[in-house]
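S.K.: If you scroll down you'll find the structure; I have some questions about it.
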Amino acid sequence: MKQLTRSMMTEDVEELVQLLVESHPDPFRHFGGPVSFYDAATRLLDSLPETSSPTQFWRLLSPFVARLRDGHTRILCEQPPDAGRWPAEFGIVGEQLYVQSVRQRDLLPLLGAQLMGIDGVSWSELCDRQQQLQGSDNVIDNLRRLTQNMASRSLLAALLDYDQKMNTMRFALKRPHHQQSEIYEWSWDAYDHDVIVPASTVHCPPLDTGSITWGFLDENHDIACLRVGELMNYREAFEEWNHMGFQRPIEAAWSKHFPDEPFQVQALPKLLSRIPSACETLENLWQAALTNHTTWLIVDLRGAIGGNSLFETILLYGLYGLDAVLENDGGYQIPRYSPLYLKNYRVLPDGASLKLGGYDFRDQREWQKRRRTPLCSASRKQAEAEKQWEQWIESIPTLAKWVHRQTTKKTRWSPKVLMVTGANTYSAGFDVAAMLWSHGAKHFGTAPAQAGNCFIDVLHFALPHSCCYGTISYKESWRFPENPEIGTILTPQFPLTYEMLSRYDFDPNASIRMALEYIQRRRESV
């Protein structure tokens with residue numbers, strides 16, 4: 001394994017500190033100010049050993065980065081392949097972890113068991129250690145990262161402060177309807193059994209290659225379900241990235257679809273023809289719903305882990321129309337442009353500058369202006385907004401064509417909207433949830449891991465010697481500028497609790513069942 005010298009590590013720390021100071025919107029805030037930030041950086045430098053492996057060096061860097069308390073800014077270390085796994089996987093309900101699936105039939109009685117500790121480290125201590133190891137946006141985000149780290153031997157070793165990866169560990173679990181926890185010693189192994197999950201009474205539509213799909217949940221076709229996964233694989237996102245000059249995802253998609261052909265910008269239409277369109281998916285759903293006189297729409301965002309937030313605008317337009325788009329108050333964002341931004345995106349947006357710290361306050365100023373503008377100028381504001389909308393959608397041809405088709409239709413579908421979120425609803429997925437919440441959608445499930453008021457949108461970096469790599473946020477987002485409580489955590493109106501999950505026999509679609517029961521109660525009340 002590659003060994004790093006103290007001088008190599010020193011250069012990497014100095015590079016990391018410079019990148020954070022130049023690129024992050026506010027690297028000093030959660031340290032308590034610049035003095036505390038640089039004091040922590042100096043202490044990090046003083047703690048460096050004479051030699052270290054990249055993994056051990058990452059362990060020193062990670063708590064420093066975690067102090068930014070930013071779920072989008074993180075540092076990682078390349079790990080050698082490790083094909084093993086634990087014989088169970090954990091899910092999040094409320095503010096705790098439970099066994100959601102197993103890989104051995106003899107472990108079936110443990111489905112639904114609550115995690116109480118690992119190798120003598122209590123549940124509360126695990127949560128505290130996780131918060132110190134990696135940044136997060138709220139308590140659910142901290143649990144989400146904990147589940148991810150538990151699925152990796154190297155990350156779990158870092159969490160438990162072990163010198164090396166362990167082959168066996170003792171998990172303290174409290175089984176359903178038991179008062180006391182029990183210890184189960186599990187081995188890290190290459191289990192070849194299929195994952196076993198509790199049976200579900202709900203059959204959700206499977207995600208397609210575009211990660212956006214739909215189907216009906218009842219025989220009468222009165223309840224439609226729009227299921228959203230990772231928002232990285234729909235055509236309109238690639239059109240927007242191309243317009244922005246962000247080539248990384250475009251080139252990655254090209255190598256996936258055409259592995260034997262070199263990428264050329266002029267061949268972009270060839271790539272786009274292979275990528276499903278979000279607009280076309282919604283169009284098919286809308287047509288089927290109108291034909292069947294469908295009343296309800298459940299938007300399933302449990303697997304919407306992030307990606308490109310353009311889908312929020314597409315869905316907003318499809319559900320609520322142009323006026324809703326023009327009047328949408330999604331708060332504001334303050335981007336910060338830097339040399340690292342140029343390294344990622346190549347060019348600055350029109351009107352942006354690296355001067356005065358690279359901050360761009362235009363969106364904030366516009367939001368403040370809208371709040372102050374007298375009602376008598378509403379028509380002028382409307383005309384300006386429509387013009388900006390028309391100009392903007394021209395840069396996304398698939399969206400522009402869809403919008404044009406919608407304006408010629410005499411009828412539109414206006415369903416009663418419910419949404420279901422989970423702990424993995426994050427970033428772009430959270431943006432969709434926040435939009436639906438602001439338009440009155442009933443909210444079921446577990447709170448999203450994303451905070452509304454947070455740092456977002458990332459720049460990629462790699463350190464020169466250790467090959468540690470990661471992302472740094474370059475925007476501060478104020479989705480709910482006047483509501484810090486909701487800005488921290490978007491709590492469902494109908495939260496899925498452990499007790500309720502137990503009542504549903506730990507059905508993986510329990511939150512969908514809650515939504516369906518709500519619909520049934522509404523029907524009965526009518």
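Naming works like this for the structure tokens: A, B, ... for the chains as they're shown, residue 1 at the start of each chain, ligands 1 onward in shown order.
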Determine, counting only C-alpha atoms, which protein, DNA and RNA residues have an atom within 9 Å of an atom of Leu418 in chain A; residues of the same chain fewer than 3 positions away are not included. Present the result as a list in words.
M.R.: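 The neighbour list is Trp296, Leu297, Ile298, Val299, Asp300, Leu436, Gly440, Ala441, Lys442, His443, Phe444 and Ala515 of chain A.
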S.K.: How would the residues just chosen look if you wrote them out with all heavy atoms as a short mmCIF file (atom, residue, chain, number, x, y, z; two decimals), in the first residue's frame?
M.R.:
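The resulting file, out-v2.cif, is reproduced below:
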data_model
loop_
_atom_site.label_atom_id
_atom_site.label_comp_id
_atom_site.auth_asym_id
_atom_site.auth_seq_id
_atom_site.Cartn_x
_atom_site.Cartn_y
_atom_site.Cartn_z
N TRP A 296 -56.33 10.65 -8.05
CA TRP A 296 -55.24 10.82 -7.09
C TRP A 296 -53.88 10.57 -7.75
O TRP A 296 -53.75 9.72 -8.63
CB TRP A 296 -55.40 9.84 -5.93
CG TRP A 296 -56.68 10.00 -5.18
CD1 TRP A 296 -57.88 9.41 -5.44
CD2 TRP A 296 -56.89 10.84 -4.03
NE1 TRP A 296 -58.83 9.80 -4.54
CE2 TRP A 296 -58.25 10.69 -3.65
CE3 TRP A 296 -56.08 11.69 -3.28
CZ2 TRP A 296 -58.80 11.34 -2.55
CZ3 TRP A 296 -56.63 12.34 -2.19
CH2 TRP A 296 -57.96 12.18 -1.83
N LEU A 297 -52.88 11.29 -7.26
CA LEU A 297 -51.49 11.05 -7.67
C LEU A 297 -50.62 10.96 -6.43
O LEU A 297 -50.60 11.89 -5.61
CB LEU A 297 -50.98 12.18 -8.56
CG LEU A 297 -49.47 12.10 -8.90
CD1 LEU A 297 -49.16 10.86 -9.73
CD2 LEU A 297 -49.00 13.37 -9.62
N ILE A 298 -49.92 9.83 -6.28
CA ILE A 298 -48.93 9.67 -5.21
C ILE A 298 -47.55 9.81 -5.85
O ILE A 298 -47.20 9.04 -6.74
CB ILE A 298 -49.06 8.30 -4.52
CG1 ILE A 298 -50.44 8.17 -3.85
CG2 ILE A 298 -47.95 8.11 -3.50
CD1 ILE A 298 -50.68 6.80 -3.24
N VAL A 299 -46.79 10.80 -5.41
CA VAL A 299 -45.43 11.00 -5.90
C VAL A 299 -44.49 10.33 -4.91
O VAL A 299 -44.35 10.78 -3.76
CB VAL A 299 -45.09 12.49 -6.07
CG1 VAL A 299 -43.68 12.65 -6.65
CG2 VAL A 299 -46.11 13.17 -6.97
N ASP A 300 -43.85 9.25 -5.34
CA ASP A 300 -42.98 8.45 -4.47
C ASP A 300 -41.54 8.92 -4.63
O ASP A 300 -40.89 8.65 -5.63
CB ASP A 300 -43.12 6.97 -4.85
CG ASP A 300 -42.26 6.06 -3.98
OD1 ASP A 300 -41.61 6.56 -3.05
OD2 ASP A 300 -42.25 4.84 -4.25
N LEU A 436 -43.68 20.33 -3.83
CA LEU A 436 -44.99 19.74 -3.63
C LEU A 436 -45.57 20.16 -2.28
O LEU A 436 -46.76 20.43 -2.16
CB LEU A 436 -44.90 18.21 -3.72
CG LEU A 436 -44.54 17.63 -5.09
CD1 LEU A 436 -44.30 16.13 -4.99
CD2 LEU A 436 -45.62 17.93 -6.11
N GLY A 440 -49.26 22.29 -1.17
CA GLY A 440 -50.30 21.64 -0.39
C GLY A 440 -50.39 20.14 -0.47
O GLY A 440 -51.36 19.55 0.01
N ALA A 441 -49.39 19.47 -1.06
CA ALA A 441 -49.43 18.01 -1.13
C ALA A 441 -49.37 17.41 0.27
O ALA A 441 -48.57 17.85 1.11
CB ALA A 441 -48.27 17.49 -1.98
N LYS A 442 -50.19 16.41 0.54
CA LYS A 442 -50.12 15.71 1.81
C LYS A 442 -48.84 14.88 1.86
O LYS A 442 -48.47 14.24 0.88
CB LYS A 442 -51.34 14.80 2.00
CG LYS A 442 -52.68 15.55 1.98
CD LYS A 442 -52.78 16.57 3.11
CE LYS A 442 -54.12 17.28 3.10
NZ LYS A 442 -54.19 18.35 4.14
N HIS A 443 -48.18 14.89 3.01
CA HIS A 443 -46.82 14.36 3.12
C HIS A 443 -46.81 13.15 4.06
O HIS A 443 -47.21 13.24 5.22
CB HIS A 443 -45.91 15.47 3.65
CG HIS A 443 -44.46 15.11 3.70
ND1 HIS A 443 -43.50 15.93 4.26
CD2 HIS A 443 -43.79 14.01 3.26
CE1 HIS A 443 -42.33 15.36 4.18
NE2 HIS A 443 -42.47 14.20 3.57
N PHE A 444 -46.31 12.00 3.56
CA PHE A 444 -46.26 10.75 4.31
C PHE A 444 -44.83 10.22 4.35
O PHE A 444 -44.02 10.51 3.47
CB PHE A 444 -47.15 9.69 3.65
CG PHE A 444 -48.60 10.06 3.56
CD1 PHE A 444 -49.05 10.93 2.56
CD2 PHE A 444 -49.52 9.56 4.47
CE1 PHE A 444 -50.39 11.28 2.47
CE2 PHE A 444 -50.87 9.90 4.38
CZ PHE A 444 -51.30 10.76 3.39
N ALA A 515 -50.50 6.24 2.70
CA ALA A 515 -51.13 7.16 1.75
C ALA A 515 -52.41 6.56 1.18
O ALA A 515 -53.43 7.26 1.02
CB ALA A 515 -50.15 7.50 0.63
#
S.K.: List as a ChimeraX atom specification the protein and nucleic acid residues near Tyr498 in chain A, meaning an atom at most 10 Å away when only C-alpha atoms are counted, but skip any in the same chain fewer than 6 places from it.
M.R.: /A:92-98,112,114,176,504,506
S.K.: Given the choices A:Trp123, A:Tyr359, A:Tyr332, A:Tyr518, which gets closest to Ser477 in chain A if the distance is worked out from only C-alpha atoms?
M.R.: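 When distances to Ser477 in chain A are compared using only C-alpha atoms, the smallest one comes from A:Tyr332.
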S.K.: Within 12 Å of Leu207 in chain A, counting only C-alpha atoms, which residues qualify if same-chain residues fewer than 6 places away don't, as a list of chain:residue names?
M.R.: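 Using only C-alpha atoms, the neighbours found are A:Thr213, A:Trp214, A:Gly215, A:Cys225, A:Leu226, A:Arg227, A:Val228, A:Gly229, A:Glu230, A:Leu231, A:Asn233, A:Pro276, A:Thr281, A:Asp300, A:Leu301, A:Arg302, A:Gly303, A:Ala304.
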S.K.: Go ahead and save the picked residues with C-alpha atoms, as an mmCIF file, in the first residue's frame.
M.R.:
data_model
loop_
_atom_site.group_PDB
_atom_site.id
_atom_site.type_symbol
_atom_site.label_atom_id
_atom_site.label_comp_id
_atom_site.auth_asym_id
_atom_site.auth_seq_id
_atom_site.Cartn_x
_atom_site.Cartn_y
_atom_site.Cartn_z
ATOM 1 C CA THR A 213 -41.666 5.934 -14.047
ATOM 2 C CA TRP A 214 -45.358 5.604 -13.284
ATOM 3 C CA GLY A 215 -48.212 3.146 -12.918
ATOM 4 C CA CYS A 225 -48.099 6.580 -8.680
ATOM 5 C CA LEU A 226 -45.191 8.613 -10.065
ATOM 6 C CA ARG A 227 -41.985 7.026 -8.829
ATOM 7 C CA VAL A 228 -38.788 9.075 -8.869
ATOM 8 C CA GLY A 229 -35.282 7.678 -8.412
ATOM 9 C CA GLU A 230 -31.870 9.303 -8.845
ATOM 10 C CA LEU A 231 -32.366 12.388 -11.018
ATOM 11 C CA ASN A 233 -30.573 10.010 -16.070
ATOM 12 C CA PRO A 276 -35.419 8.780 -21.585
ATOM 13 C CA THR A 281 -42.836 10.158 -19.218
ATOM 14 C CA ASP A 300 -42.984 8.448 -4.472
ATOM 15 C CA LEU A 301 -39.698 10.221 -3.665
ATOM 16 C CA ARG A 302 -38.188 7.611 -1.337
ATOM 17 C CA GLY A 303 -35.478 6.757 -3.864
ATOM 18 C CA ALA A 304 -34.896 10.310 -5.136
#
S.K.: Between A:Gln264, A:Ser211, A:Asn328, A:Ser101, which one has atoms that come closest to Ile196 in chain A, using only C-alpha atoms?
M.R.: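 The closest residue to Ile196 in chain A is A:Ser101.
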S.K.: Do you have the CA of Phe258 in chain A-CA of Pro80 in chain A distance handy?
M.R.: 27.3 Å
S.K.: Any idea what the distance is between CA of Phe455 in chain A and CA of Arg29 in chain A?
M.R.: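 We find that CA of Phe455 in chain A and CA of Arg29 in chain A lie 11.7 Å from each other.
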S.K.: Can you list every residue in range 52-129 of chain A that DSSP puts in strand (DSSP E or B), as a ChimeraX atom specification?
M.R.: /A:52,74-76,85,88-93,96-102,114-118,121-122
S.K.: Contacts of Tyr341 in chain A at 9 Å or less, counting only C-alpha atoms, minus same-chain residues fewer than 5 places along, as a list of chain:residue names?
M.R.: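 Non-adjacent residues within range: A:Ser23, A:Arg336, A:Arg346, A:Val347, A:Leu348, A:Leu459, A:His460, A:Tyr474.
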S.K.: I need the residue nearest Gln100 in chain A from this list: A:Gln179, A:Gln450, A:Thr201, A:Thr147. Use only C-alpha atoms for the distance.
M.R.: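 Smallest distance to Gln100 in chain A is found for A:Thr147.
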S.K.: Extract, using only C-alpha atoms, all DNA, RNA and protein residues at most 6 Å from Ser473 in chain A, discarding same-chain residues fewer than 5 positions from it, and format them as a PyMOL selection string.
M.R.: chain A and resi 24+72-73+455-458
S.K.: Met500 in chain A: which residues within 10 Å, counting only C-alpha atoms, same-chain residues fewer than 3 positions away excluded, as a list in words?
M.R.: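 Non-adjacent residues within range: Val93, Pro495, Leu496, Thr497, Arg503, Tyr504, Asp505, Phe506, Ala510, Ser511 and Met514 of chain A.
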S.K.: Please provide the set of residues having any atom within 12 Å of range 467-472 of chain A, restricted to only C-alpha atoms, with same-chain residues fewer than 6 positions apart removed, written as a PyMOL selection string.
M.R.: chain A and resi 2-4+8-9+12-13+15-27+53-62+65-66+68-79+134-135+336-338+340-341+344+455-461
S.K.: Let's see if you can do this: from backbone DSSP, list all helix (DSSP H, G or I) residues in range 287-423 of chain A, as a PyMOL selection string.
M.R.: chain A and resi 287-292+310-327+339-345+355-358+362-372+375-393+397-407
